[in-house]
Structure formats: structure tokens, C-alpha cells
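**Q** Structure in C-alpha cells, see below.
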Amino acid sequence: MFGIFKSDPTKKLKKEHAVLLEKAMHAQRNGDIRGYAMLTAEAESVWQRIEQLESNQ
């Protein structure tokens, strides 16, 4: 009945994932390959959490 007021837990994670990918892109363009690799790995772990939450729903 009150499902409309329930927040989507993946919404925040998807925004965080997008921000991390954008930061990684800027790091790569500036030549910071190590930073790019770290940000990409972090974005990948966030994406795995998103997939896990979506599969549980």
C-alpha cells in the first residue's frame, strides 16, 4: 500500500557509479592511469552491488 513512498536503494548507487566513471574518464584524459584503474575498479564494485540488489528484488 505504501510502496510509493519506499525509496529505491539502487538509485543512489547508480548515481555514485556514474560519478566514479566520470572521474575515471577525467583521470585517464589527464594521464593518471593508476588513478583511472583505481576508480574503474571501485565503479565495478559498486556495479556489482547494484546487480546484487536488483537480483534480490
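As shown in the C-alpha cells, the chain order sets the letters A, B, ...; within each chain, residues go from 1, and ligands are also counted from 1 in the order they appear.
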Name the residues of chain A that come out as helix (DSSP H, G or I) in a backbone DSSP run; write them as a ChimeraX atom specification.
**A** /A:3-5,9-29,33-56
**Q** Which distance in Å separates CA of Asn30 (chain A) and CA of Lys15 (chain A), to one decimal?
**A**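 About the pair CA of Asn30 (chain A) and CA of Lys15 (chain A): they are 22.9 Å apart.
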**Q** In Å, with one decimal, what is the gap from CA of Lys23 (chain A) to CA of Gln48 (chain A)?
**A**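 The value is 18.5 Å.
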**Q** Which residues come within 12 Å of Thr40 (chain A), counting only C-alpha atoms, excluding same-chain residues fewer than 2 positions away, as a ChimeraX atom specification?
**A** /A:17-28,33-38,42-47
**Q** Between A:Ser55, A:Ala41, A:Asp32, A:Arg49, single out the one closest to Leu13 (chain A), counting only C-alpha atoms.
**A**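 Of all the options, A:Arg49 lies closest to Leu13 (chain A).
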**Q** Smallest atom-to-atom distance to Leu53 (chain A): which of A:Thr10, A:Ile4, A:Leu39, A:Arg29, using only C-alpha atoms?
**A** A:Thr10
